[in-house]
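As structure tokens, the structure follows; a few thoughts come after it.
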Amino acid sequence: MLNTEVAVPRDERILVPVPEVPLFPAAITLRPHHFFAPSDVRDALSGRVDVQDLARKITGFIDVHGDGQQSDGQDDGYKRDVLGDTLRDKQRFQGGIERYFTSLRDLPDEAPILFDSSVDGVCQATCVGRHCTQYTGGRTGFDNFIMTLMLDFFRKSDYQLGKDWAEDQIEHVEFIIDLLATDDFENPVIISYPTIVVRAGIIRKEEESLLAEMHKSKGIIFIQGK
């Protein structure tokens, strides 16, 4: 039974500031791996589904299937990292993810979206969020793999650089460890990664084309399905 009295302290989180691209300083941040795997964020952005139902579905799925295993067979801590220990924690996550999905759904087509490996609204909704902290490889590596594909897609497109989309290099603080498996936050490194900003309407329009690029690049192995 969940303990409904003691919540996970927020100070367990180690989250770096969200960067800004000068051309689009008010862009909402979206981590690329959240956009592509699975389809929940895409469904919210497109308005295809009810965001309240979507948030409830995600919370329930993590509650049942959230615990993975490390190579030594031990629980990797993902479920607690996202949903916390208490019913209040779980409700807080569900409410946070619903608010983020609502903000994506309600974005005007001209609004900019920053695709970057910094924390986004999904990360901010988690109750602890240690796995959201950037570390070399893992999700951060997948984020940058996707951004390379997106940059290649838009460089070859007819969309106007500086008007429809923009690219930049942003410095990130990273840890060369898996933060679910250790409490060692020493020796951070600063790494420069590419980032891309695209207007929301273009992302909605090109969703299928971007997914096709993922298929062609074999990035589909990371995607749980649409």
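Please note that chains go A, B, ... in the order of the structure tokens, that every chain numbers its residues from 1, and that ligands are numbered from 1 in the order shown.
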
Spatial neighbours of segment 97-109 of chain A, 7 Å, only C-alpha atoms, chain gap at least 3 places, as a PyMOL selection string: chain A and resi 41+44-47+51-52+55+93-94+121-122+125+199-201

For the structure I just gave you, how does DSSP split segment 91-131 of chain A - specifically, which residues are strand (DSSP E or B)? Reply as a VMD selection string. chain A and resid 112 to 115

Mind writing the picked residues with C-alpha atoms as a CSV table (one decimal), in the first residue's frame?
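Generated file (out.csv):
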chain,number,residue,atom,x,y,z
A,112,PRO,CA,8.5,27.6,-31.3
A,113,ILE,CA,9.5,24.3,-29.8
A,114,LEU,CA,13.1,23.8,-28.6
A,115,PHE,CA,14.3,20.2,-29.2

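When the distance limit is 7 Å and only C-alpha atoms are what count, the residues near His172 of chain A, minus those fewer than 2 positions from it on the same chain, are Ile170, Glu174, Ile190, Ile191 and Ser192 of chain A.
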
Dump C-alpha atoms for the selected residues as a short mmCIF file (atom, residue, chain, number, x, y, z; two decimals), in the first residue's frame?
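New file result17.cif:
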data_model
loop_
_atom_site.label_atom_id
_atom_site.label_comp_id
_atom_site.auth_asym_id
_atom_site.auth_seq_id
_atom_site.Cartn_x
_atom_site.Cartn_y
_atom_site.Cartn_z
CA ILE A 170 24.38 24.75 -26.50
CA GLU A 174 26.67 16.29 -17.77
CA ILE A 190 30.57 20.57 -19.95
CA ILE A 191 29.70 19.28 -23.41
CA SER A 192 28.41 21.25 -26.38
#

Rank nothing, just name the residue among A:Glu208, A:Asp116, A:Asp152, A:Asp158 nearest to Arg31 of chain A, using only C-alpha atoms.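 Under the stated criterion, the closest residue is A:Asp116.
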
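Atom CA of Phe142 of chain A is found 24.8 Å from atom CA of Ala111 of chain A.
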
Could you name the residues that touch Ser209 of chain A at 12 Å or less, counting only C-alpha atoms, but leaving out those on the same chain fewer than 4 positions away, as a PyMOL selection string? chain A and resi 149-150+153-154+157+202-205+213-216

To one decimal in Å, tell me the separation between atom CA of Arg155 of chain A and atom CA of Asp43 of chain A.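 Interatomic distance here is 25.5 Å.
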
Computed interatomic separation between atom CA of Val128 of chain A and atom CA of Lys57 of chain A (Å):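 These two atoms are separated by 19.8 Å.
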
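Using only C-alpha atoms, the smallest distance between any of A:Arg130, A:Ser117, A:Val49, A:Ser217 and Gln169 of chain A comes from A:Ser117.
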
I need the helix (DSSP H, G or I) residues of segment 78-165 of chain A per DSSP on the backbone, written as a VMD selection string. chain A and resid 78 to 83 87 to 105 121 to 125 130 to 132 138 to 155

Which residue out of A:Ile62, A:Leu210, A:Val82, A:Val197 has the minimum interatomic distance to Phe35 of chain A when only C-alpha atoms are used?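 Closest candidate: A:Leu210.
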